[in-house]
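Report on the structure given below.
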Amino acid sequence: MNILLTGATGFIGRRLTKALSARGHKIGLLIRPSSLARAKKNFSDVPNVHFIEADISRNDVVVRIAGTEAILQNIDAVIHLAGTYDLSIPLEEAYTHNVIGTQNMVWFAQRLTKLPYFHYISTYAVNSHCQGHVGEDQLDATSKLADHYAQTKLQAESIVRQASWGDTKVRIYRPGVIVGDSVTGVMDKIDGPYYFFRLFNQMRQWKSITRRLPFFPIVGSKGAQVPLLPVNVLADWLATMVDKPSAHQVRSYHMVSQENLLVENFLRDSLKAYGVPLMVRRMPETRALNPVLPFLGIPREVAPYLYSTASFSREHLDEDFPQLRAPLLADYLPKIVEGARELFK
């Protein structure tokens, strides 16, 4: 299969590129000119990889056509992974990367003759404001979300869904909260659960203080869940699903574990993994405590996710790919905690 991929130099993209190559696919990586040297170094030992100078902020996307004609003429799948993930990102930056970039990639893909599949990597956050069961086709384009990342990803997914695709089949993937590699523990930046990991790492060093604390207080809704998924698992799932797509014209998947993990249980197990001997106690549900989060090194944009009791369905995933099962948190938490410590040095 001949595949075009954006976002190859990112945390997920590096692993996805290698997973696709291992399956024998030929991959054209759309790389910004400023990142080309780094990309060639990162993938120097990966076979069947070709580099195409591109910039998804441009209407025409591809910067340099010469030498890439053969690749662009016979594409079996486009995977649009590029974007920016940061809950506290400014609106203009989020809009440029997530909305304009996706719009340009849709236009680009529509110009490819006889393109069989367009794969778009969205996020579970487009429905994180929901409560209760969330279906894989559920999306309200008029929703006003709490942070610019989720809002612009919602807009981007809406663009993909509303585009005229003709015979091209569309796949939309909504990963949950991506954490480090379940085998190596490697993570590339502090975000999501890693804000709490950083706090717990500090608390482990403040033994004289933590001994005086009666418990670790948490805010948020009692039923709030955290849909964790290790990055290597996500990359493997994506490679499998691109390799053997279903016959549906449009299909959406929540890329989440089969394990329903409550925020409260995750924090309790994480404290234990860091050797902090504190019980977790839920505080009365009030958002008055939200301003305290930044003083703990946790962005205030995290707060709405602590109040979301959304439960993300895997119906499509289980129907089309029943073999895709994630490891349980207990099996990989020690590894990602170990990997997180490398970020805090």
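Residues are referred to by chain and number: the chain letter is A, B, ... according to the order shown in the structure tokens, the number counts from 1 in that chain, and ligands are numbered separately from 1 in the order shown.
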
Contacts of stretch 165-178 of chain A within 6 Å, only C-alpha atoms, excl. fewer than 5 positions in-chain, as a list in words: Leu115, Pro116, Tyr117, Phe118, His119, Tyr120, Ile121, Ser122, Thr123, Tyr124, Pro227, Leu228, Leu229, Pro230, Val231, Gln249, Val250, Arg251, Ser252, Tyr253, His254, Met255 and Val256 of chain A

Leaving out stretch 25-35 of chain A and any residue of its chain fewer than 4 positions from it, which residues lie within 7 Å of it when counting only C-alpha atoms, given as a list of chain:residue names?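 Near stretch 25-35 of chain A, the qualifying residues are A:Met1, A:Asn2, A:Ile3, A:Leu4, A:Leu5, A:Thr6, A:Ala8, A:Leu20, A:Ser21, A:Ala39, A:Asn48, A:Val49, A:His50, A:Phe51, A:Ile52, A:Glu53, A:Ala54, A:Asp55.
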
Put those residues in a file: N, CA, C and O atoms, as a PDB file, in the first residue's frame.
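So selection-v2.pdb came out as:
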```
ATOM      1  N   MET A   1       0.839  -1.188   0.000  1.00  0.00           N
ATOM      2  CA  MET A   1       0.000   0.000   0.000  1.00  0.00           C
ATOM      3  C   MET A   1       0.880   1.246   0.000  1.00  0.00           C
ATOM      4  O   MET A   1       1.897   1.303   0.695  1.00  0.00           O
ATOM      5  N   ASN A   2       0.498   2.257  -0.789  1.00  0.00           N
ATOM      6  CA  ASN A   2       1.198   3.542  -0.809  1.00  0.00           C
ATOM      7  C   ASN A   2       0.436   4.529   0.068  1.00  0.00           C
ATOM      8  O   ASN A   2      -0.749   4.805  -0.176  1.00  0.00           O
ATOM      9  N   ILE A   3       1.109   5.059   1.071  1.00  0.00           N
ATOM     10  CA  ILE A   3       0.453   5.883   2.091  1.00  0.00           C
ATOM     11  C   ILE A   3       1.132   7.241   2.192  1.00  0.00           C
ATOM     12  O   ILE A   3       2.367   7.333   2.160  1.00  0.00           O
ATOM     13  N   LEU A   4       0.334   8.296   2.329  1.00  0.00           N
ATOM     14  CA  LEU A   4       0.838   9.625   2.660  1.00  0.00           C
ATOM     15  C   LEU A   4       0.490   9.909   4.114  1.00  0.00           C
ATOM     16  O   LEU A   4      -0.647   9.687   4.539  1.00  0.00           O
ATOM     17  N   LEU A   5       1.468  10.416   4.863  1.00  0.00           N
ATOM     18  CA  LEU A   5       1.279  10.642   6.294  1.00  0.00           C
ATOM     19  C   LEU A   5       1.762  12.028   6.694  1.00  0.00           C
ATOM     20  O   LEU A   5       2.876  12.427   6.362  1.00  0.00           O
ATOM     21  N   THR A   6       0.915  12.760   7.420  1.00  0.00           N
ATOM     22  CA  THR A   6       1.352  14.007   8.052  1.00  0.00           C
ATOM     23  C   THR A   6       1.614  13.728   9.530  1.00  0.00           C
ATOM     24  O   THR A   6       1.079  12.787  10.105  1.00  0.00           O
ATOM     25  N   ALA A   8       4.486  12.892  10.992  1.00  0.00           N
ATOM     26  CA  ALA A   8       5.381  11.749  11.224  1.00  0.00           C
ATOM     27  C   ALA A   8       6.452  12.026  12.269  1.00  0.00           C
ATOM     28  O   ALA A   8       6.940  11.096  12.907  1.00  0.00           O
ATOM     29  N   LEU A  20       3.875   1.071  10.257  1.00  0.00           N
ATOM     30  CA  LEU A  20       3.417   0.908   8.871  1.00  0.00           C
ATOM     31  C   LEU A  20       4.513   0.332   7.994  1.00  0.00           C
ATOM     32  O   LEU A  20       4.270  -0.549   7.153  1.00  0.00           O
ATOM     33  N   SER A  21       5.732   0.813   8.189  1.00  0.00           N
ATOM     34  CA  SER A  21       6.862   0.298   7.417  1.00  0.00           C
ATOM     35  C   SER A  21       7.082  -1.182   7.697  1.00  0.00           C
ATOM     36  O   SER A  21       7.369  -1.966   6.786  1.00  0.00           O
ATOM     37  N   ALA A  39      13.861  14.768  10.327  1.00  0.00           N
ATOM     38  CA  ALA A  39      13.070  13.608   9.909  1.00  0.00           C
ATOM     39  C   ALA A  39      13.952  12.555   9.240  1.00  0.00           C
ATOM     40  O   ALA A  39      13.816  11.353   9.503  1.00  0.00           O
ATOM     41  N   ASN A  48      11.384   1.852   3.082  1.00  0.00           N
ATOM     42  CA  ASN A  48      10.162   2.234   2.361  1.00  0.00           C
ATOM     43  C   ASN A  48       9.598   3.588   2.770  1.00  0.00           C
ATOM     44  O   ASN A  48       8.381   3.811   2.734  1.00  0.00           O
ATOM     45  N   VAL A  49      10.482   4.501   3.174  1.00  0.00           N
ATOM     46  CA  VAL A  49      10.053   5.845   3.567  1.00  0.00           C
ATOM     47  C   VAL A  49      10.591   6.863   2.566  1.00  0.00           C
ATOM     48  O   VAL A  49      11.766   6.820   2.204  1.00  0.00           O
ATOM     49  N   HIS A  50       9.734   7.761   2.117  1.00  0.00           N
ATOM     50  CA  HIS A  50      10.119   8.838   1.207  1.00  0.00           C
ATOM     51  C   HIS A  50       9.710  10.166   1.829  1.00  0.00           C
ATOM     52  O   HIS A  50       8.690  10.256   2.511  1.00  0.00           O
ATOM     53  N   PHE A  51      10.502  11.191   1.590  1.00  0.00           N
ATOM     54  CA  PHE A  51      10.267  12.489   2.210  1.00  0.00           C
ATOM     55  C   PHE A  51       9.755  13.482   1.171  1.00  0.00           C
ATOM     56  O   PHE A  51      10.344  13.631   0.094  1.00  0.00           O
ATOM     57  N   ILE A  52       8.653  14.147   1.508  1.00  0.00           N
ATOM     58  CA  ILE A  52       8.038  15.129   0.628  1.00  0.00           C
ATOM     59  C   ILE A  52       7.950  16.450   1.385  1.00  0.00           C
ATOM     60  O   ILE A  52       7.308  16.519   2.438  1.00  0.00           O
ATOM     61  N   GLU A  53       8.606  17.467   0.864  1.00  0.00           N
ATOM     62  CA  GLU A  53       8.560  18.773   1.519  1.00  0.00           C
ATOM     63  C   GLU A  53       7.154  19.345   1.415  1.00  0.00           C
ATOM     64  O   GLU A  53       6.610  19.506   0.317  1.00  0.00           O
ATOM     65  N   ALA A  54       6.551  19.642   2.546  1.00  0.00           N
ATOM     66  CA  ALA A  54       5.164  20.089   2.565  1.00  0.00           C
ATOM     67  C   ALA A  54       4.915  20.981   3.769  1.00  0.00           C
ATOM     68  O   ALA A  54       5.663  20.962   4.743  1.00  0.00           O
ATOM     69  N   ASP A  55       3.845  21.739   3.686  1.00  0.00           N
ATOM     70  CA  ASP A  55       3.445  22.619   4.780  1.00  0.00           C
ATOM     71  C   ASP A  55       1.924  22.685   4.746  1.00  0.00           C
ATOM     72  O   ASP A  55       1.333  23.263   3.828  1.00  0.00           O
TER      73      ASP A  55
END
```

Stretch 135-326 of chain A: which residues are alpha helix (DSSP H) by DSSP, as a compact mmCIF listing (two decimals) with N, CA, C and O atoms, in the first residue's frame?
```txt
# COMPACT_ATOMS: atom_id res chain seq x y z
N HIS A 148 -9.08 25.69 23.70
CA HIS A 148 -8.92 25.91 22.26
C HIS A 148 -8.51 24.64 21.52
O HIS A 148 -8.86 24.46 20.35
N TYR A 149 -7.78 23.75 22.21
CA TYR A 149 -7.40 22.49 21.56
C TYR A 149 -8.64 21.69 21.19
O TYR A 149 -8.84 21.32 20.03
N ALA A 150 -9.51 21.43 22.17
CA ALA A 150 -10.70 20.62 21.91
C ALA A 150 -11.63 21.31 20.91
O ALA A 150 -12.19 20.66 20.02
N GLN A 151 -11.77 22.64 21.04
CA GLN A 151 -12.67 23.37 20.15
C GLN A 151 -12.21 23.29 18.70
O GLN A 151 -13.01 23.06 17.79
N THR A 152 -10.91 23.47 18.46
CA THR A 152 -10.42 23.44 17.08
C THR A 152 -10.38 22.03 16.52
O THR A 152 -10.57 21.83 15.32
N LYS A 153 -10.18 21.03 17.36
CA LYS A 153 -10.26 19.65 16.88
C LYS A 153 -11.71 19.29 16.53
O LYS A 153 -11.96 18.53 15.59
N LEU A 154 -12.66 19.83 17.28
CA LEU A 154 -14.07 19.66 16.94
C LEU A 154 -14.38 20.27 15.58
O LEU A 154 -15.03 19.65 14.72
N GLN A 155 -13.88 21.48 15.34
CA GLN A 155 -14.08 22.13 14.05
C GLN A 155 -13.43 21.32 12.92
O GLN A 155 -14.01 21.18 11.84
N ALA A 156 -12.24 20.81 13.19
CA ALA A 156 -11.52 20.05 12.16
C ALA A 156 -12.26 18.77 11.81
O ALA A 156 -12.39 18.41 10.63
N GLU A 157 -12.75 18.05 12.83
CA GLU A 157 -13.49 16.82 12.55
C GLU A 157 -14.76 17.13 11.77
O GLU A 157 -15.15 16.38 10.87
N SER A 158 -15.40 18.24 12.07
CA SER A 158 -16.60 18.64 11.34
C SER A 158 -16.29 18.90 9.87
O SER A 158 -17.08 18.54 8.98
N ILE A 159 -15.14 19.49 9.60
CA ILE A 159 -14.71 19.73 8.21
C ILE A 159 -14.58 18.41 7.46
O ILE A 159 -15.04 18.26 6.33
N VAL A 160 -13.93 17.44 8.10
CA VAL A 160 -13.74 16.12 7.47
C VAL A 160 -15.09 15.47 7.20
O VAL A 160 -15.32 14.91 6.11
N ARG A 161 -15.99 15.53 8.16
CA ARG A 161 -17.29 14.88 8.01
C ARG A 161 -18.15 15.53 6.94
O ARG A 161 -18.93 14.86 6.25
N GLN A 162 -18.05 16.84 6.79
CA GLN A 162 -18.93 17.57 5.88
C GLN A 162 -18.37 17.68 4.46
O GLN A 162 -19.08 18.13 3.55
N PRO A 193 -2.18 13.49 32.39
CA PRO A 193 -1.87 12.87 33.68
C PRO A 193 -0.49 13.22 34.21
O PRO A 193 -0.24 13.13 35.42
N TYR A 194 0.40 13.66 33.30
CA TYR A 194 1.77 13.94 33.72
C TYR A 194 1.88 15.19 34.58
O TYR A 194 2.87 15.37 35.28
N TYR A 195 0.87 16.07 34.55
CA TYR A 195 0.85 17.17 35.50
C TYR A 195 0.72 16.62 36.92
O TYR A 195 1.37 17.10 37.86
N PHE A 196 -0.12 15.60 37.08
CA PHE A 196 -0.28 14.98 38.39
C PHE A 196 0.97 14.17 38.75
O PHE A 196 1.40 14.16 39.90
N PHE A 197 1.55 13.48 37.76
CA PHE A 197 2.78 12.74 38.02
C PHE A 197 3.86 13.68 38.54
O PHE A 197 4.61 13.33 39.46
N ARG A 198 3.97 14.85 37.95
CA ARG A 198 4.99 15.81 38.40
C ARG A 198 4.73 16.24 39.84
O ARG A 198 5.67 16.31 40.65
N LEU A 199 3.46 16.48 40.16
CA LEU A 199 3.11 16.86 41.53
C LEU A 199 3.44 15.72 42.50
O LEU A 199 4.02 15.95 43.57
N PHE A 200 3.09 14.48 42.13
CA PHE A 200 3.34 13.34 43.01
C PHE A 200 4.84 13.10 43.18
O PHE A 200 5.30 12.70 44.25
N ASN A 201 5.59 13.36 42.13
CA ASN A 201 7.05 13.21 42.21
C ASN A 201 7.63 14.20 43.21
O ASN A 201 8.54 13.87 43.98
N GLN A 202 7.09 15.43 43.21
CA GLN A 202 7.53 16.44 44.17
C GLN A 202 7.10 16.05 45.59
O GLN A 202 7.87 16.20 46.54
N MET A 203 5.88 15.53 45.71
CA MET A 203 5.39 15.14 47.04
C MET A 203 6.23 14.01 47.62
O MET A 203 6.43 13.94 48.84
N ARG A 204 6.71 13.14 46.76
CA ARG A 204 7.56 12.03 47.22
C ARG A 204 8.83 12.56 47.88
O ARG A 204 9.37 11.96 48.80
N GLN A 205 9.28 13.73 47.40
CA GLN A 205 10.49 14.33 47.95
C GLN A 205 10.20 15.20 49.17
O GLN A 205 11.12 15.58 49.88
N LYS A 207 8.64 14.47 52.02
CA LYS A 207 8.10 13.49 52.96
C LYS A 207 7.67 14.13 54.28
O LYS A 207 6.68 13.73 54.89
N SER A 208 8.41 15.14 54.74
CA SER A 208 8.06 15.77 56.01
C SER A 208 6.72 16.49 55.92
O SER A 208 6.00 16.60 56.91
N ILE A 209 6.38 16.95 54.72
CA ILE A 209 5.10 17.64 54.53
C ILE A 209 3.98 16.65 54.31
O ILE A 209 2.91 16.75 54.92
N THR A 210 4.21 15.67 53.43
CA THR A 210 3.15 14.72 53.11
C THR A 210 2.74 13.89 54.32
O THR A 210 1.60 13.44 54.41
N VAL A 231 1.01 5.09 24.07
CA VAL A 231 1.29 5.56 22.71
C VAL A 231 1.63 4.41 21.76
O VAL A 231 1.25 4.43 20.58
N ASN A 232 2.34 3.40 22.23
CA ASN A 232 2.70 2.28 21.36
C ASN A 232 1.47 1.46 20.99
O ASN A 232 1.39 0.91 19.88
N VAL A 233 0.52 1.38 21.90
CA VAL A 233 -0.73 0.66 21.61
C VAL A 233 -1.52 1.42 20.54
O VAL A 233 -2.03 0.82 19.59
N LEU A 234 -1.61 2.73 20.68
CA LEU A 234 -2.32 3.53 19.68
C LEU A 234 -1.68 3.37 18.31
O LEU A 234 -2.39 3.18 17.30
N ALA A 235 -0.36 3.46 18.23
CA ALA A 235 0.32 3.33 16.94
C ALA A 235 0.06 1.97 16.30
O ALA A 235 -0.19 1.87 15.09
N ASP A 236 0.08 0.93 17.12
CA ASP A 236 -0.18 -0.42 16.61
C ASP A 236 -1.62 -0.56 16.13
O ASP A 236 -1.88 -1.14 15.07
N TRP A 237 -2.56 -0.01 16.90
CA TRP A 237 -3.96 -0.06 16.49
C TRP A 237 -4.17 0.69 15.17
O TRP A 237 -4.86 0.19 14.27
N LEU A 238 -3.62 1.88 15.06
CA LEU A 238 -3.79 2.66 13.84
C LEU A 238 -3.22 1.92 12.63
O LEU A 238 -3.85 1.88 11.56
N ALA A 239 -2.04 1.35 12.79
CA ALA A 239 -1.42 0.62 11.68
C ALA A 239 -2.29 -0.56 11.26
O ALA A 239 -2.47 -0.84 10.07
N THR A 240 -2.86 -1.25 12.24
CA THR A 240 -3.74 -2.38 11.95
C THR A 240 -4.99 -1.94 11.21
O THR A 240 -5.43 -2.57 10.24
N MET A 241 -5.57 -0.84 11.63
CA MET A 241 -6.83 -0.37 11.07
C MET A 241 -6.64 0.25 9.69
O MET A 241 -7.53 0.16 8.84
N VAL A 242 -5.50 0.86 9.46
CA VAL A 242 -5.18 1.37 8.12
C VAL A 242 -4.90 0.21 7.18
O VAL A 242 -5.28 0.22 6.01
N ASP A 243 -4.24 -0.80 7.71
CA ASP A 243 -3.86 -1.97 6.92
C ASP A 243 -5.08 -2.77 6.46
O ASP A 243 -5.13 -3.26 5.33
N VAL A 263 -11.11 8.53 37.40
CA VAL A 263 -10.05 9.46 37.77
C VAL A 263 -9.59 9.19 39.20
O VAL A 263 -8.39 9.18 39.50
N GLU A 264 -10.54 8.96 40.08
CA GLU A 264 -10.23 8.73 41.49
C GLU A 264 -9.32 7.51 41.67
O GLU A 264 -8.34 7.55 42.42
N ASN A 265 -9.61 6.43 40.96
CA ASN A 265 -8.80 5.22 41.06
C ASN A 265 -7.43 5.41 40.44
O ASN A 265 -6.42 4.89 40.94
N PHE A 266 -7.40 6.15 39.33
CA PHE A 266 -6.12 6.42 38.67
C PHE A 266 -5.19 7.20 39.61
O PHE A 266 -4.00 6.88 39.74
N LEU A 267 -5.71 8.23 40.26
CA LEU A 267 -4.89 9.03 41.17
C LEU A 267 -4.45 8.21 42.38
O LEU A 267 -3.30 8.31 42.83
N ARG A 268 -5.33 7.39 42.90
CA ARG A 268 -4.98 6.53 44.04
C ARG A 268 -3.83 5.58 43.67
O ARG A 268 -2.84 5.46 44.40
N ASP A 269 -3.94 4.92 42.51
CA ASP A 269 -2.91 3.97 42.09
C ASP A 269 -1.61 4.69 41.76
O ASP A 269 -0.51 4.15 41.99
N SER A 270 -1.71 5.90 41.23
CA SER A 270 -0.51 6.66 40.88
C SER A 270 0.23 7.12 42.13
O SER A 270 1.47 7.08 42.19
N LEU A 271 -0.50 7.57 43.13
CA LEU A 271 0.13 7.94 44.41
C LEU A 271 0.89 6.75 44.99
O LEU A 271 2.02 6.89 45.47
N LYS A 272 0.27 5.59 44.93
CA LYS A 272 0.89 4.38 45.45
C LYS A 272 2.16 4.06 44.65
O LYS A 272 3.19 3.69 45.22
N ALA A 273 2.09 4.23 43.30
CA ALA A 273 3.25 3.95 42.45
C ALA A 273 4.41 4.89 42.75
O ALA A 273 5.58 4.51 42.60
N ALA A 303 -9.36 21.22 34.47
CA ALA A 303 -10.51 21.10 35.36
C ALA A 303 -11.76 20.53 34.69
O ALA A 303 -12.40 19.63 35.26
N PRO A 304 -12.17 21.01 33.50
CA PRO A 304 -13.40 20.46 32.91
C PRO A 304 -13.35 18.95 32.68
O PRO A 304 -14.39 18.28 32.73
N TYR A 305 -12.17 18.41 32.43
CA TYR A 305 -12.04 16.98 32.20
C TYR A 305 -12.24 16.19 33.49
O TYR A 305 -12.58 15.01 33.45
N LEU A 306 -12.02 16.85 34.63
CA LEU A 306 -12.24 16.20 35.91
C LEU A 306 -13.72 16.13 36.26
O LEU A 306 -14.12 15.39 37.16
N TYR A 307 -14.53 16.92 35.54
CA TYR A 307 -15.97 16.93 35.79
C TYR A 307 -16.75 16.14 34.74
O TYR A 307 -17.96 15.98 34.86
N GLU A 315 -18.11 0.40 20.44
CA GLU A 315 -18.95 -0.50 19.67
C GLU A 315 -18.39 -0.77 18.27
O GLU A 315 -18.31 -1.91 17.82
N HIS A 316 -18.01 0.30 17.57
CA HIS A 316 -17.44 0.12 16.23
C HIS A 316 -16.10 -0.60 16.30
O HIS A 316 -15.81 -1.49 15.49
N LEU A 317 -15.28 -0.20 17.25
CA LEU A 317 -13.96 -0.81 17.41
C LEU A 317 -14.08 -2.30 17.69
O LEU A 317 -13.39 -3.13 17.08
N ASP A 318 -14.96 -2.65 18.61
CA ASP A 318 -15.12 -4.06 18.97
C ASP A 318 -15.75 -4.87 17.83
O ASP A 318 -15.47 -6.07 17.68
N GLU A 319 -16.60 -4.22 17.05
CA GLU A 319 -17.24 -4.93 15.94
C GLU A 319 -16.25 -5.20 14.80
O GLU A 319 -16.21 -6.31 14.25
N ASP A 320 -15.46 -4.21 14.46
CA ASP A 320 -14.56 -4.32 13.30
C ASP A 320 -13.20 -4.90 13.65
O ASP A 320 -12.57 -5.57 12.82
```

Between A:Lys18, A:Ile71, A:Met187, A:Gly220, which has the minimum distance to A:Ser44 (counting only C-alpha atoms)?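 Smallest separation from A:Ser44 among the options: A:Lys18.
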
Quick check, in Å to one decimal: how far apart do atom CA of A:Lys345 and atom CA of A:Leu333 lie?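 Spanning atom CA of A:Lys345 to atom CA of A:Leu333 is a straight-line distance of 19.1 Å.
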
Atom pair atom CA of A:Asp86 / atom CA of A:Val280: separation (Å):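 Between atom CA of A:Asp86 and atom CA of A:Val280 the gap works out to 27.2 Å.
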
With distances taken over only C-alpha atoms, which residue among A:Asp188, A:Ala94, A:Ala247, A:Arg282 lies nearest A:Lys222?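 Nearest to A:Lys222: A:Arg282.
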
Select from stretch 42-267 of chain A everything DSSP, run on the backbone, classes as strand (DSSP E), then give the selection as a ChimeraX atom specification. /A:49-53,77-80,117-121,132-134,169-175,177-179,216-218,228-230,250-255

Could you jot down the atom CA of A:Phe216 to atom CA of A:Pro291 separation for me, Å, one decimal place?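 Taking atom CA of A:Phe216 and atom CA of A:Pro291, their separation equals 16.9 Å.
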
Tell me which of A:Ile298, A:Ile89, A:Leu278, A:Val226 sits closest to A:Asn260, counting only C-alpha atoms. A:Val226

If you count only C-alpha atoms, which residues fall within 7 Å of A:Gly339, apart from same-chain ones fewer than 4 positions away, as a PDB file with all heavy atoms, in the first residue's frame?
```
ATOM      1  N   GLY A 185       8.123   3.021  28.773  1.00  0.00           N
ATOM      2  CA  GLY A 185       7.750   4.150  29.621  1.00  0.00           C
ATOM      3  C   GLY A 185       8.040   5.503  29.020  1.00  0.00           C
ATOM      4  O   GLY A 185       7.717   6.538  29.610  1.00  0.00           O
ATOM      5  N   VAL A 186       8.642   5.557  27.834  1.00  0.00           N
ATOM      6  CA  VAL A 186       9.084   6.818  27.235  1.00  0.00           C
ATOM      7  C   VAL A 186       7.901   7.736  26.940  1.00  0.00           C
ATOM      8  O   VAL A 186       6.886   7.320  26.385  1.00  0.00           O
ATOM      9  CB  VAL A 186       9.874   6.551  25.938  1.00  0.00           C
ATOM     10  CG1 VAL A 186      10.147   7.847  25.184  1.00  0.00           C
ATOM     11  CG2 VAL A 186      11.190   5.850  26.265  1.00  0.00           C
ATOM     12  N   MET A 187       8.043   9.000  27.314  1.00  0.00           N
ATOM     13  CA  MET A 187       7.061  10.048  27.036  1.00  0.00           C
ATOM     14  C   MET A 187       7.838  11.278  26.614  1.00  0.00           C
ATOM     15  O   MET A 187       8.986  11.475  27.053  1.00  0.00           O
ATOM     16  CB  MET A 187       6.219  10.340  28.275  1.00  0.00           C
ATOM     17  CG  MET A 187       5.154  11.406  28.094  1.00  0.00           C
ATOM     18  SD  MET A 187       3.949  10.938  26.845  1.00  0.00           S
ATOM     19  CE  MET A 187       2.767  12.293  26.989  1.00  0.00           C
ATOM     20  N   LYS A 335       5.812   1.306  34.568  1.00  0.00           N
ATOM     21  CA  LYS A 335       6.689   1.709  33.469  1.00  0.00           C
ATOM     22  C   LYS A 335       6.518   3.179  33.117  1.00  0.00           C
ATOM     23  O   LYS A 335       7.504   3.898  32.906  1.00  0.00           O
ATOM     24  CB  LYS A 335       6.411   0.846  32.234  1.00  0.00           C
ATOM     25  CG  LYS A 335       7.137  -0.480  32.240  1.00  0.00           C
ATOM     26  CD  LYS A 335       8.646  -0.269  32.148  1.00  0.00           C
ATOM     27  CE  LYS A 335       9.392  -1.591  32.140  1.00  0.00           C
ATOM     28  NZ  LYS A 335      10.858  -1.385  32.164  1.00  0.00           N
TER      29      LYS A 335
END
```

Nearest-residue call for A:Gly135, choices A:Ser311, A:Ile56, A:Lys114, A:Ile336, using only C-alpha atoms: A:Ser311
